[in-house]
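What follows is the content of structure.txt, which has compact mmCIF, C-alpha atoms:
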# COMPACT_ATOMS: atom_id res chain seq x y z
CA MET A 1289 -86.13 -10.20 -17.33
CA GLY A 1290 -85.19 -11.06 -13.80
CA SER A 1291 -86.75 -8.97 -11.17
CA GLY A 1292 -86.71 -8.87 -7.45
CA SER A 1293 -89.58 -6.64 -6.40
CA GLY A 1294 -87.93 -4.68 -3.61
CA SER A 1295 -84.99 -7.02 -3.13
CA ILE A 1296 -82.08 -5.76 -1.09
CA LEU A 1297 -78.54 -7.01 -0.58
CA ARG A 1298 -76.70 -5.83 2.48
CA ALA A 1299 -73.23 -6.71 3.75
CA GLU A 1300 -71.97 -5.81 7.18
CA ASN A 1301 -68.38 -5.42 8.27
CA LEU A 1302 -66.76 -8.00 5.95
CA HIS A 1303 -63.21 -8.96 6.89
CA LEU A 1304 -61.12 -11.36 4.86
CA TRP A 1305 -57.47 -12.31 5.16
CA ARG A 1306 -55.16 -13.87 2.59
CA SER A 1307 -52.39 -15.39 4.71
CA GLU A 1308 -50.73 -12.28 6.21
CA ARG A 1309 -52.58 -9.69 4.16
CA GLN A 1310 -55.97 -8.26 5.01
CA VAL A 1311 -57.87 -7.93 1.74
CA LEU A 1312 -61.27 -6.83 2.99
CA LYS A 1313 -61.12 -4.43 5.91
CA GLY A 1314 -64.61 -4.08 7.27
CA VAL A 1315 -66.59 -3.55 4.06
CA ASP A 1316 -70.19 -2.39 4.47
CA LEU A 1317 -72.53 -2.07 1.53
CA THR A 1318 -76.20 -1.91 0.67
CA VAL A 1319 -77.70 -2.37 -2.78
CA ARG A 1320 -81.41 -1.93 -3.37
CA ALA A 1321 -83.61 -3.00 -6.26
CA GLY A 1322 -82.88 -0.82 -9.29
CA GLU A 1323 -79.34 0.05 -8.24
CA LEU A 1324 -75.94 -0.75 -9.69
CA LEU A 1325 -73.02 -0.67 -7.32
CA GLN A 1326 -69.69 -0.17 -9.08
CA LEU A 1327 -66.65 -1.51 -7.27
CA THR A 1328 -63.59 0.50 -8.16
CA GLY A 1329 -60.01 0.48 -6.97
CA VAL A 1330 -56.52 -0.37 -8.16
CA ASN A 1331 -55.47 -3.89 -9.11
CA GLY A 1332 -55.29 -6.00 -5.99
CA ALA A 1333 -57.67 -3.78 -4.04
CA GLY A 1334 -59.96 -6.76 -3.50
CA LYS A 1335 -62.75 -6.18 -6.00
CA THR A 1336 -62.90 -9.79 -7.17
CA THR A 1337 -62.45 -11.05 -3.63
CA LEU A 1338 -65.38 -8.94 -2.46
CA LEU A 1339 -67.62 -10.27 -5.25
CA ARG A 1340 -66.64 -13.83 -4.42
CA ALA A 1341 -67.14 -13.22 -0.71
CA LEU A 1342 -70.63 -11.84 -1.34
CA CYS A 1343 -71.75 -14.95 -3.21
CA GLY A 1344 -70.04 -17.29 -0.74
CA LEU A 1345 -67.20 -18.64 -2.88
CA ASN A 1346 -64.70 -17.03 -0.52
CA HIS A 1347 -65.28 -17.37 3.19
CA VAL A 1348 -65.07 -14.21 5.23
CA GLU A 1349 -63.41 -14.27 8.62
CA GLU A 1350 -65.92 -11.83 10.00
CA GLY A 1351 -69.07 -10.09 8.87
CA ARG A 1352 -72.37 -11.13 7.40
CA VAL A 1353 -74.28 -10.87 4.16
CA PHE A 1354 -78.04 -10.42 4.12
CA TRP A 1355 -80.37 -11.06 1.20
CA ASN A 1356 -83.78 -9.46 1.83
CA GLU A 1357 -82.74 -9.08 5.47
CA GLN A 1358 -82.10 -12.80 5.90
CA ASP A 1359 -78.58 -14.03 6.63
CA VAL A 1360 -77.52 -15.87 3.45
CA ARG A 1361 -75.98 -18.70 5.47
CA GLU A 1362 -79.48 -19.67 6.62
CA ASP A 1363 -80.62 -20.42 3.07
CA ARG A 1364 -77.54 -20.71 0.88
CA GLU A 1365 -79.24 -22.44 -2.03
CA GLY A 1366 -82.14 -20.01 -2.03
CA PHE A 1367 -79.69 -17.10 -2.18
CA HIS A 1368 -77.70 -18.73 -4.98
CA ALA A 1369 -80.88 -19.33 -6.96
CA ALA A 1370 -81.44 -15.56 -6.87
CA LEU A 1371 -77.98 -14.59 -8.13
CA ILE A 1372 -75.66 -15.14 -11.04
CA TYR A 1373 -71.92 -14.60 -10.83
CA LEU A 1374 -69.87 -13.97 -13.94
CA GLY A 1375 -66.14 -14.07 -13.26
CA HIS A 1376 -63.10 -12.91 -15.23
CA GLU A 1377 -63.21 -15.90 -17.54
CA PRO A 1378 -66.52 -16.84 -19.14
CA PRO A 1379 -67.51 -20.28 -17.73
CA LEU A 1380 -67.73 -21.89 -21.16
CA LYS A 1381 -66.51 -25.24 -22.46
CA PRO A 1382 -64.22 -24.71 -25.47
CA ASP A 1383 -65.44 -27.88 -27.20
CA LEU A 1384 -69.12 -27.01 -27.04
CA SER A 1385 -70.92 -24.36 -29.06
CA GLY A 1386 -72.45 -21.27 -27.51
CA VAL A 1387 -75.92 -22.77 -27.74
CA GLU A 1388 -74.82 -26.02 -26.06
CA ASN A 1389 -72.91 -24.19 -23.35
CA LEU A 1390 -75.93 -22.10 -22.45
CA ARG A 1391 -78.27 -25.09 -22.57
CA PHE A 1392 -76.27 -26.89 -19.89
CA TRP A 1393 -75.09 -23.92 -17.87
CA THR A 1394 -78.45 -22.20 -17.46
CA GLY A 1395 -80.51 -25.38 -17.87
CA ILE A 1396 -79.16 -26.61 -14.55
CA ARG A 1397 -80.73 -23.57 -12.88
CA ARG A 1398 -84.09 -23.51 -14.62
CA PRO A 1399 -85.68 -25.01 -17.74
CA VAL A 1400 -84.74 -23.01 -20.84
CA SER A 1401 -86.16 -23.58 -24.31
CA PRO A 1402 -83.93 -23.64 -27.41
CA ALA A 1403 -85.91 -20.63 -28.69
CA ALA A 1404 -85.10 -18.65 -25.54
CA ILE A 1405 -81.41 -19.49 -25.92
CA ARG A 1406 -81.40 -18.32 -29.53
CA ALA A 1407 -83.24 -15.14 -28.63
CA ALA A 1408 -80.78 -14.32 -25.85
CA LEU A 1409 -77.81 -14.94 -28.13
CA ILE A 1410 -79.31 -12.73 -30.83
CA THR A 1411 -79.92 -9.94 -28.29
CA LEU A 1412 -76.21 -10.11 -27.47
CA GLY A 1413 -75.27 -10.00 -31.15
CA ALA A 1414 -73.97 -13.56 -30.92
CA GLY A 1415 -76.49 -15.17 -33.25
CA GLU A 1416 -74.05 -15.62 -36.11
CA PHE A 1417 -71.44 -17.59 -34.23
CA ALA A 1418 -73.74 -19.32 -31.74
CA THR A 1419 -73.27 -22.79 -33.20
CA ARG A 1420 -69.49 -22.66 -33.60
CA PRO A 1421 -67.32 -24.32 -30.94
CA VAL A 1422 -66.41 -21.70 -28.33
CA ARG A 1423 -62.76 -22.65 -28.88
CA THR A 1424 -62.89 -20.93 -32.29
CA LEU A 1425 -64.37 -17.67 -30.97
CA SER A 1426 -62.51 -14.49 -30.09
CA ALA A 1427 -62.38 -13.33 -26.47
CA GLY A 1428 -65.01 -10.67 -27.14
CA GLN A 1429 -67.32 -13.15 -28.83
CA ARG A 1430 -66.99 -15.50 -25.85
CA ARG A 1431 -67.87 -12.65 -23.54
CA ARG A 1432 -71.04 -12.02 -25.54
CA VAL A 1433 -72.05 -15.68 -25.26
CA ALA A 1434 -71.44 -15.61 -21.52
CA LEU A 1435 -73.48 -12.41 -21.12
CA ALA A 1436 -76.41 -14.15 -22.80
CA GLY A 1437 -76.39 -16.41 -19.73
CA LEU A 1438 -77.41 -13.39 -17.62
CA LEU A 1439 -80.60 -12.98 -19.62
CA LEU A 1440 -81.45 -16.68 -19.49
CA ALA A 1441 -80.82 -17.08 -15.77
CA ALA A 1442 -83.45 -14.38 -15.12
CA VAL A 1443 -82.35 -13.74 -11.55
CA PRO A 1444 -82.59 -10.48 -9.60
CA LEU A 1445 -78.95 -10.18 -8.51
CA TRP A 1446 -76.07 -9.90 -10.99
CA LEU A 1447 -72.49 -10.09 -9.71
CA LEU A 1448 -70.18 -9.15 -12.55
CA ASP A 1449 -66.41 -9.10 -12.62
CA GLU A 1450 -65.20 -6.75 -15.38
CA PRO A 1451 -68.23 -7.42 -17.60
CA THR A 1452 -66.93 -5.31 -20.50
CA THR A 1453 -63.47 -6.90 -20.81
CA ASN A 1454 -62.58 -7.65 -24.44
CA LEU A 1455 -65.74 -6.01 -25.76
CA ASP A 1456 -65.70 -3.45 -28.58
CA SER A 1457 -67.45 -0.11 -28.03
CA ALA A 1458 -70.74 -1.47 -29.42
CA GLY A 1459 -70.46 -4.37 -26.96
CA GLN A 1460 -69.87 -1.97 -24.07
CA GLU A 1461 -72.96 0.00 -25.03
CA LEU A 1462 -74.86 -3.27 -25.12
CA VAL A 1463 -73.78 -4.20 -21.59
CA ALA A 1464 -74.90 -0.78 -20.39
CA SER A 1465 -78.31 -1.19 -22.02
CA LEU A 1466 -78.69 -4.72 -20.59
CA LEU A 1467 -77.91 -3.33 -17.15
CA ASP A 1468 -80.37 -0.46 -17.60
CA ALA A 1469 -83.13 -2.88 -18.57
CA HIS A 1470 -82.26 -5.19 -15.68
CA LEU A 1471 -82.27 -2.35 -13.14
CA SER A 1472 -85.46 -0.77 -14.37
CA SER A 1473 -87.27 -4.09 -14.04
CA GLY A 1474 -86.28 -4.17 -10.38
CA GLY A 1475 -82.98 -6.03 -10.59
CA LEU A 1476 -79.78 -5.34 -8.65
CA ALA A 1477 -76.21 -5.50 -9.85
CA ILE A 1478 -72.73 -5.23 -8.43
CA ALA A 1479 -69.89 -4.90 -10.92
CA ALA A 1480 -66.14 -4.70 -10.46
CA VAL A 1481 -64.97 -2.24 -13.10
CA HIS A 1482 -61.95 -0.32 -14.32
CA HIS A 1483 -63.87 1.85 -16.75
CA GLY A 1484 -67.18 3.18 -15.53
CA LEU A 1485 -70.32 1.63 -16.99
CA HIS A 1486 -72.60 4.04 -18.79
CA VAL A 1487 -75.87 3.36 -17.05
CA GLU A 1488 -78.38 5.99 -15.93
CA PRO A 1489 -76.50 8.10 -13.36
CA ALA A 1490 -79.43 8.07 -10.93
CA ARG A 1491 -79.09 4.28 -10.57
CA LEU A 1492 -75.35 4.32 -10.15
CA ARG A 1493 -73.46 4.06 -6.88
CA GLU A 1494 -69.81 3.54 -6.26
CA LEU A 1495 -67.69 1.78 -3.67
CA HIS A 1496 -64.00 2.52 -3.83
CA LEU A 1497 -61.73 -0.13 -2.35
CA THR A 1498 -58.20 0.70 -1.25
CA ALA A 1499 -55.34 -1.76 -1.34
CA MET B 761 -92.86 -7.77 -12.07
CA THR B 762 -92.61 -11.40 -11.14
CA PRO B 763 -90.96 -12.31 -7.86
CA PRO B 764 -87.99 -14.64 -8.44
CA ASP B 765 -89.51 -17.57 -6.59
CA SER B 766 -92.30 -17.84 -9.16
CA LEU B 767 -89.78 -18.92 -11.80
CA PRO B 768 -89.64 -22.69 -12.16
CA THR B 769 -86.31 -24.23 -11.15
CA THR B 770 -84.88 -27.40 -12.67
CA PRO B 771 -85.59 -30.44 -10.47
CA PRO B 772 -82.39 -31.95 -8.99
CA LEU B 773 -82.61 -35.22 -10.92
CA LEU B 774 -82.97 -33.40 -14.22
CA ALA B 775 -80.04 -31.15 -13.32
CA ALA B 776 -77.92 -34.23 -12.59
CA ARG B 777 -78.98 -35.66 -15.94
CA LEU B 778 -77.89 -32.48 -17.70
CA VAL B 779 -74.49 -32.79 -16.05
CA ILE B 780 -74.18 -36.37 -17.33
CA GLU B 781 -75.32 -35.32 -20.79
CA ARG B 782 -72.77 -32.50 -20.94
CA ASP B 783 -69.91 -34.77 -19.86
CA LEU B 784 -70.81 -37.46 -22.38
CA LEU B 785 -71.02 -34.88 -25.15
CA LEU B 786 -67.64 -33.44 -24.17
CA ALA B 787 -66.06 -36.88 -24.07
CA PHE B 788 -67.50 -37.61 -27.49
CA ARG B 789 -65.84 -34.42 -28.82
CA ARG B 790 -62.53 -35.25 -27.13
CA PRO B 791 -62.20 -39.04 -27.19
CA GLU B 792 -58.46 -39.23 -26.46
CA GLN B 793 -58.94 -38.67 -22.73
CA LEU B 794 -61.11 -41.79 -22.70
CA LEU B 795 -58.54 -43.93 -24.43
CA HIS B 796 -55.63 -43.18 -22.08
CA PRO B 797 -56.83 -45.30 -19.14
CA LEU B 798 -57.75 -48.13 -21.50
CA ALA B 799 -54.32 -48.09 -23.14
CA PHE B 800 -52.73 -48.02 -19.70
CA PHE B 801 -54.77 -51.02 -18.55
CA MET B 802 -53.83 -52.94 -21.67
CA LEU B 803 -50.13 -52.18 -21.26
CA VAL B 804 -50.00 -53.14 -17.58
CA THR B 805 -51.58 -56.53 -18.20
CA THR B 806 -49.41 -57.14 -21.25
CA LEU B 807 -46.29 -56.43 -19.18
CA PHE B 808 -47.28 -59.29 -16.88
CA VAL B 809 -47.78 -61.61 -19.81
CA LEU B 810 -44.32 -60.71 -21.09
CA SER B 811 -42.49 -60.90 -17.76
CA GLU B 812 -44.10 -63.97 -16.25
CA SER B 813 -43.42 -67.54 -17.27
CA SER B 814 -45.28 -68.51 -20.36
CA GLU B 815 -46.88 -71.41 -18.55
CA ARG B 816 -50.61 -70.95 -18.77
CA THR B 817 -51.32 -72.24 -15.27
CA VAL B 818 -49.00 -69.66 -13.67
CA LEU B 819 -50.54 -66.79 -15.62
CA ARG B 820 -54.03 -67.99 -14.90
CA GLY B 821 -53.18 -68.14 -11.20
CA ILE B 822 -52.13 -64.52 -11.02
CA ALA B 823 -54.82 -63.30 -13.45
CA PRO B 824 -57.30 -61.95 -10.83
CA GLY B 825 -54.62 -59.89 -9.11
CA VAL B 826 -53.17 -58.56 -12.35
CA LEU B 827 -56.58 -57.62 -13.72
CA TRP B 828 -57.64 -55.83 -10.58
CA VAL B 829 -54.44 -53.95 -9.93
CA GLY B 830 -54.37 -52.92 -13.60
CA ALA B 831 -58.00 -51.80 -13.62
CA LEU B 832 -57.61 -50.01 -10.29
CA LEU B 833 -54.55 -48.04 -11.43
CA ALA B 834 -56.16 -47.21 -14.76
CA ALA B 835 -59.30 -45.95 -13.04
CA LEU B 836 -57.16 -43.94 -10.63
CA LEU B 837 -55.37 -42.33 -13.56
CA ALA B 838 -58.70 -41.16 -14.93
CA LEU B 839 -59.90 -39.91 -11.52
CA ASP B 840 -57.38 -37.11 -11.63
CA PHE B 841 -59.35 -35.54 -14.50
CA LEU B 842 -62.73 -35.91 -12.78
CA PHE B 843 -63.04 -32.29 -11.63
CA ARG B 844 -59.89 -30.66 -13.01
CA ASP B 845 -61.25 -29.24 -16.28
CA ASP B 846 -64.43 -28.04 -14.62
CA ALA B 847 -62.43 -26.33 -11.89
CA GLN B 848 -60.21 -24.57 -14.40
CA ASP B 849 -62.89 -23.16 -16.66
CA GLY B 850 -65.20 -22.04 -13.87
CA THR B 851 -67.87 -24.68 -14.45
CA LEU B 852 -67.47 -26.00 -10.91
CA GLU B 853 -68.04 -22.49 -9.51
CA GLN B 854 -71.21 -22.23 -11.54
CA TYR B 855 -72.35 -25.61 -10.18
CA ALA B 856 -71.71 -24.41 -6.64
CA LEU B 857 -73.65 -21.17 -7.27
CA SER B 858 -76.50 -22.69 -9.28
CA GLY B 859 -78.91 -22.89 -6.38
CA GLN B 860 -79.05 -26.63 -6.99
CA SER B 861 -77.80 -29.09 -4.43
CA LEU B 862 -74.12 -29.56 -5.27
CA THR B 863 -74.41 -33.13 -3.99
CA TRP B 864 -76.83 -34.04 -6.78
CA LEU B 865 -74.73 -32.36 -9.45
CA LEU B 866 -71.62 -34.22 -8.28
CA LEU B 867 -73.59 -37.46 -8.22
CA GLY B 868 -74.25 -36.84 -11.91
CA LYS B 869 -70.64 -35.88 -12.53
CA THR B 870 -69.31 -39.03 -10.87
CA SER B 871 -71.84 -41.25 -12.64
CA SER B 872 -70.75 -39.93 -16.01
CA HIS B 873 -67.15 -40.52 -15.01
CA TRP B 874 -67.97 -44.16 -14.32
CA LEU B 875 -69.84 -44.48 -17.62
CA LEU B 876 -66.79 -43.13 -19.42
CA THR B 877 -64.04 -45.07 -17.61
CA GLY B 878 -65.49 -47.88 -15.49
CA VAL B 879 -67.75 -49.30 -18.18
CA PRO B 880 -65.08 -49.37 -20.93
CA LEU B 881 -62.61 -50.91 -18.45
CA SER B 882 -65.05 -53.64 -17.50
CA VAL B 883 -65.76 -54.41 -21.15
CA MET B 884 -62.04 -54.66 -21.77
CA ALA B 885 -61.26 -56.76 -18.67
CA PRO B 886 -62.43 -60.13 -20.16
CA LEU B 887 -60.24 -59.53 -23.22
CA MET B 888 -57.24 -58.88 -21.02
CA ALA B 889 -58.15 -61.95 -18.97
CA TYR B 890 -58.11 -63.98 -22.16
CA THR B 891 -54.49 -62.96 -22.84
CA LEU B 892 -53.67 -64.24 -19.35
CA GLY B 893 -55.05 -67.64 -20.26
CA VAL B 894 -58.42 -67.32 -18.57
CA PRO B 895 -61.17 -69.31 -20.32
CA ALA B 896 -63.81 -67.27 -22.14
CA SER B 897 -66.50 -68.85 -19.95
CA ALA B 898 -65.47 -66.51 -17.11
CA SER B 899 -66.08 -63.36 -19.20
CA VAL B 900 -69.45 -62.37 -17.79
CA GLY B 901 -68.29 -62.81 -14.20
CA ILE B 902 -65.17 -60.72 -14.79
CA MET B 903 -67.12 -57.98 -16.51
CA LEU B 904 -69.66 -57.75 -13.69
CA THR B 905 -67.09 -57.68 -10.91
CA VAL B 906 -64.96 -55.01 -12.58
CA ALA B 907 -68.04 -52.91 -13.36
CA LEU B 908 -69.22 -53.01 -9.77
CA GLY B 909 -65.74 -52.42 -8.34
CA SER B 910 -65.04 -49.46 -10.61
CA LEU B 911 -68.38 -47.92 -9.66
CA ALA B 912 -67.39 -47.98 -6.00
CA LEU B 913 -63.96 -46.63 -6.88
CA SER B 914 -65.43 -43.73 -8.87
CA PHE B 915 -67.52 -42.64 -5.92
CA ILE B 916 -64.84 -43.08 -3.25
CA GLY B 917 -62.33 -41.49 -5.60
CA SER B 918 -64.53 -38.44 -6.14
CA ILE B 919 -63.81 -37.40 -2.55
CA GLY B 920 -60.07 -37.61 -3.17
CA ALA B 921 -60.33 -35.84 -6.51
CA ALA B 922 -62.25 -32.99 -4.89
CA LEU B 923 -59.80 -32.75 -1.97
CA THR B 924 -56.74 -32.61 -4.21
CA LEU B 925 -58.18 -29.96 -6.56
CA GLY B 926 -56.28 -27.19 -4.88
CA ALA B 927 -52.99 -29.10 -4.80
CA ARG B 928 -50.40 -28.66 -7.50
CA ARG B 929 -49.55 -32.07 -8.95
CA GLY B 930 -52.46 -33.64 -7.14
CA GLY B 931 -52.10 -36.95 -9.00
CA VAL B 932 -49.73 -38.69 -6.62
CA LEU B 933 -51.47 -37.28 -3.58
CA LEU B 934 -54.74 -38.60 -4.96
CA ALA B 935 -53.26 -42.10 -5.26
CA ILE B 936 -51.91 -41.96 -1.71
CA LEU B 937 -55.30 -40.86 -0.38
CA ILE B 938 -57.47 -43.24 -2.35
CA LEU B 939 -55.54 -46.51 -2.67
CA PRO B 940 -55.89 -47.43 1.04
CA LEU B 941 -59.62 -46.80 0.81
CA ALA B 942 -59.76 -48.91 -2.34
CA ALA B 943 -58.24 -51.93 -0.55
CA PRO B 944 -61.62 -53.53 0.30
CA ILE B 945 -62.72 -53.16 -3.33
CA LEU B 946 -59.54 -54.89 -4.44
CA ILE B 947 -59.93 -57.71 -1.91
CA PHE B 948 -63.55 -58.57 -2.68
CA GLY B 949 -63.21 -57.82 -6.37
CA SER B 950 -60.23 -60.06 -7.00
CA ARG B 951 -61.81 -62.79 -4.86
CA ALA B 952 -64.98 -62.64 -6.97
CA THR B 953 -62.94 -62.71 -10.17
CA GLU B 954 -60.92 -65.67 -8.91
CA LEU B 955 -64.11 -67.62 -8.19
CA ALA B 956 -65.53 -66.66 -11.59
CA ILE B 957 -62.38 -67.93 -13.31
CA ARG B 958 -62.61 -71.24 -11.44
CA GLY B 959 -66.22 -71.50 -12.50
CA GLU B 960 -67.55 -71.36 -8.95
CA ALA B 961 -70.33 -69.21 -7.48
CA TYR B 962 -69.06 -65.67 -6.93
CA VAL B 963 -72.20 -64.22 -5.40
CA ALA B 964 -70.88 -63.76 -1.85
CA PRO B 965 -67.97 -61.38 -2.66
CA MET B 966 -70.20 -59.64 -5.20
CA GLU B 967 -72.70 -58.89 -2.46
CA LEU B 968 -69.99 -57.38 -0.31
CA LEU B 969 -68.84 -55.33 -3.29
CA GLY B 970 -72.45 -54.22 -3.76
CA ALA B 971 -72.59 -53.13 -0.14
CA ILE B 972 -69.50 -50.95 -0.69
CA VAL B 973 -71.16 -49.45 -3.77
CA VAL B 974 -74.31 -48.56 -1.81
CA LEU B 975 -72.28 -47.04 0.99
CA SER B 976 -70.08 -44.95 -1.32
CA PHE B 977 -72.99 -43.98 -3.59
CA THR B 978 -74.91 -42.51 -0.67
CA LEU B 979 -72.09 -40.87 1.27
CA ALA B 980 -69.35 -39.93 -1.20
CA PRO B 981 -71.23 -37.18 -3.11
CA LEU B 982 -71.97 -35.42 0.20
CA ALA B 983 -68.31 -35.47 1.17
CA ALA B 984 -67.17 -34.52 -2.34
CA ALA B 985 -69.54 -31.54 -2.38
CA ALA B 986 -68.09 -30.28 0.90
CA ALA B 987 -64.56 -30.77 -0.43
CA VAL B 988 -65.35 -28.93 -3.67
CA ARG B 989 -66.70 -25.94 -1.74
CA ILE B 990 -63.43 -25.76 0.21
CA SER B 991 -61.32 -26.06 -2.92
CA LEU B 992 -63.13 -23.24 -4.73
CA GLU B 993 -61.83 -20.68 -2.31
Just give me the structure as C-alpha cells.
Amino acid sequence: MGSGSGSILRAENLHLWRSERQVLKGVDLTVRAGELLQLTGVNGAGKTTLLRALCGLNHVEEGRVFWNEQDVREDREGFHAALIYLGHEPPLKPDLSGVENLRFWTGIRRPVSPAAIRAALITLGAGEFATRPVRTLSAGQRRRVALAGLLLAAVPLWLLDEPTTNLDSAGQELVASLLDAHLSSGGLAIAAVHHGLHVEPARLRELHLTA
Amino acid sequence: MTPPDSLPTTPPLLAARLVIERDLLLAFRRPEQLLHPLAFFMLVTTLFVLSESSERTVLRGIAPGVLWVGALLAALLALDFLFRDDAQDGTLEQYALSGQSLTWLLLGKTSSHWLLTGVPLSVMAPLMAYTLGVPASASVGIMLTVALGSLALSFIGSIGAALTLGARRGGVLLAILILPLAAPILIFGSRATELAIRGEAYVAPMELLGAIVVLSFTLAPLAAAAAVRISLE
C-alpha cells in the first residue's frame, strides 16, 4: 500500500474564476496522513474544480498548494509522483483489456509486474472480466478496473472524483475498505462525493462548498 | 511504512517506450484509422493522373510536387487524431499527472504517430510515383525523402495538434497553423525527390531535411508539452 509517513497537504486561499463566475472563493484546507477529506456541495459548487486545482490541472488565480510544506510549483513532478487523480470517467482505453490498460497506465509511473496487476484486479473483484476489452464492460465494472489503478500506483495521496459512481452496494463497501486500508497505512485522500463514504468516522473530515 | 520516494519509478525512456507500445497495440486493434491517410494519399495522386495530360513526360515533371503535397496533406489529416482520443478519455491527464516528464511521453507519442502514418506513407510513395511515370530506380530515394520529411512534420505538427486540442473543429485551424511551418519541409523534400527521379545525387537537400528533423525532434516535444498542459484546463 502507498504510504506517506506523516505527509501533509495544505492549500491556502485558492481562488479560481471561470470567465465571469468565481468558482473557488478562497478555499483553505489541510489534510494529514490518515485522513480523508470529503468534499460536499451541490452540483456546480466546484468540487471537481477544486480537485483539479489541487493537482495542478486547473490553474488557480490566487493561492498556493503545499505538499509536505513545500510549494508544489517548486517540484511539480515530485508532487505528481506522490498523487493519483481519478476523475469522473475512468481513464481507460475501450479497445484494450483491463490488464493491458493497467499495465500501460500505471507502468508509466512505476514498474508493475503482471502478477501485481492480477492481484489488484482480483482485490477489486474484477478478476473475471480483466482480460475482456473495456468496451464490453459495464460502467460499474470499468470503475472497478480503474480503482485497481489506485492500488498499483501505491502513492500516498488519492484525489477521487465520485469514486463510487456506478458501483453496486458491495462495490461501495469495497471502496470504503480500500480507503480505510489506505488511510491506516498513512495515506491521505480527498474525495468529491454526493453520498458519504463509510470510512472510520475518526478519520473523516468534511469540506462543504457553496455555489 | 515505506516513504514514497523509496518506490522505484519508471525511467523516462522506458515510459516513452510504453507509450509507443500502447499506441501501436491500439492501432493494431483499430486499423481503419491507419488506412484513411493512405487512401487519401492514393486518391490525391490518382486525381492528378486523371486530370493531367497522359503524356508521361508531363506527369513525370510534376511528380515531385504531387507526391509531396499529397503526402503532406495526408499526414496533416492524421495529425488531427494525434492527441484527440487521449484527451477525450483522460489518458492525456494521466500522462500530465504521472510524475514523468510530459516531454518524454509526448516524444514517445509523436514517434508512434510517425511509425503509424509517416512510415506507411513513405512505403506507399514510390508506388504512387510509379503511377506518375517515375522509373522504379528512384524508389529508394523517394522513400527516404518522404520518411525524413514526414518525421519532421510529425514533430512540428505535434505542437499544432496540442494547441488546437481545446478548439472545436480544430482540423482546419491545425492546417492553417502547420502548413506555413511545413513549407521548408516541402521545399527541400520535393527538391530531393526531383533529384532522385532524375538519378542525380540528392544528398544536399536530404541533409537540410535532416537538420529540420533534428531541430524539431529536440524542440517540438517541449513546446507540445507546454501546449498540452494549457489545453487540459
Within 9 Å of chain B, which residues of chain A are there when counting only C-alpha atoms? Please give them as a short mmCIF file (atom, residue, chain, number, x, y, z; two decimals) with C-alpha atoms, keeping the file's coordinate frame.
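The resulting file, part.cif, is shown below:
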data_model
loop_
_atom_site.label_atom_id
_atom_site.label_comp_id
_atom_site.auth_asym_id
_atom_site.auth_seq_id
_atom_site.Cartn_x
_atom_site.Cartn_y
_atom_site.Cartn_z
CA MET A 1289 -86.13 -10.20 -17.33
CA GLY A 1290 -85.19 -11.06 -13.80
CA SER A 1291 -86.75 -8.97 -11.17
CA GLY A 1292 -86.71 -8.87 -7.45
CA SER A 1293 -89.58 -6.64 -6.40
CA ARG A 1340 -66.64 -13.83 -4.42
CA CYS A 1343 -71.75 -14.95 -3.21
CA GLY A 1344 -70.04 -17.29 -0.74
CA LEU A 1345 -67.20 -18.64 -2.88
CA ASN A 1346 -64.70 -17.03 -0.52
CA HIS A 1347 -65.28 -17.37 3.19
CA ARG A 1364 -77.54 -20.71 0.88
CA GLU A 1365 -79.24 -22.44 -2.03
CA GLY A 1366 -82.14 -20.01 -2.03
CA PHE A 1367 -79.69 -17.10 -2.18
CA HIS A 1368 -77.70 -18.73 -4.98
CA ALA A 1369 -80.88 -19.33 -6.96
CA ALA A 1370 -81.44 -15.56 -6.87
CA LEU A 1371 -77.98 -14.59 -8.13
CA ILE A 1372 -75.66 -15.14 -11.04
CA TYR A 1373 -71.92 -14.60 -10.83
CA LEU A 1374 -69.87 -13.97 -13.94
CA GLY A 1375 -66.14 -14.07 -13.26
CA GLU A 1377 -63.21 -15.90 -17.54
CA PRO A 1378 -66.52 -16.84 -19.14
CA PRO A 1379 -67.51 -20.28 -17.73
CA LEU A 1380 -67.73 -21.89 -21.16
CA LYS A 1381 -66.51 -25.24 -22.46
CA ASP A 1383 -65.44 -27.88 -27.20
CA LEU A 1384 -69.12 -27.01 -27.04
CA GLU A 1388 -74.82 -26.02 -26.06
CA ASN A 1389 -72.91 -24.19 -23.35
CA ARG A 1391 -78.27 -25.09 -22.57
CA PHE A 1392 -76.27 -26.89 -19.89
CA TRP A 1393 -75.09 -23.92 -17.87
CA THR A 1394 -78.45 -22.20 -17.46
CA GLY A 1395 -80.51 -25.38 -17.87
CA ILE A 1396 -79.16 -26.61 -14.55
CA ARG A 1397 -80.73 -23.57 -12.88
CA ARG A 1398 -84.09 -23.51 -14.62
CA PRO A 1399 -85.68 -25.01 -17.74
CA ALA A 1442 -83.45 -14.38 -15.12
CA VAL A 1443 -82.35 -13.74 -11.55
CA PRO A 1444 -82.59 -10.48 -9.60
CA SER A 1473 -87.27 -4.09 -14.04
CA GLY A 1474 -86.28 -4.17 -10.38
#
Requested in this report: Using only C-alpha atoms, find the one residue out of B:Met802, B:Ala835, B:Leu875, B:Leu842 that sits nearest to B:Gly930.
Outcome: B:Leu842
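Distance-wise, atom CA of A:Ala1441 and atom CA of A:Thr1419 end up 19.8 Å apart.
As for atom CA of B:Glu960 and atom CA of B:Pro886, they are spaced 16.7 Å apart.
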**Report entry** Shell of 12 Å around A:Glu1350, all atoms listed in the file, local chain residues under 2 positions omitted, as a ChimeraX atom specification
**Finding:** /A:1299-1305,1310,1312-1316,1341,1346-1348,1352-1353
Query raised in the report: Skipping near chain neighbours, those fewer than 6 positions away, what residues fall within 8 Å of B:Ala907 using all atoms listed in the file, listed as a ChimeraX atom specification?
Result: /B:878-879,881-882
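Going from atom CA of A:Val1387 over to atom CA of A:Ala1436, you cover 9.9 Å.
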Query raised in the report: Within 10 Å of (-69.5, -8.4, -4.4), only C-alpha atoms: residues as a ChimeraX atom specification?
Result: /A:1297,1299,1317,1325-1327,1334-1344,1373,1446-1449,1477-1480
Report task. Name all residues at most 6 Å from A:Phe1354 (count all atoms listed in the file; drop same-chain ones fewer than 2 positions away) and give them as a PyMOL selection string. Result -> chain A and resi 1297-1298+1357-1360
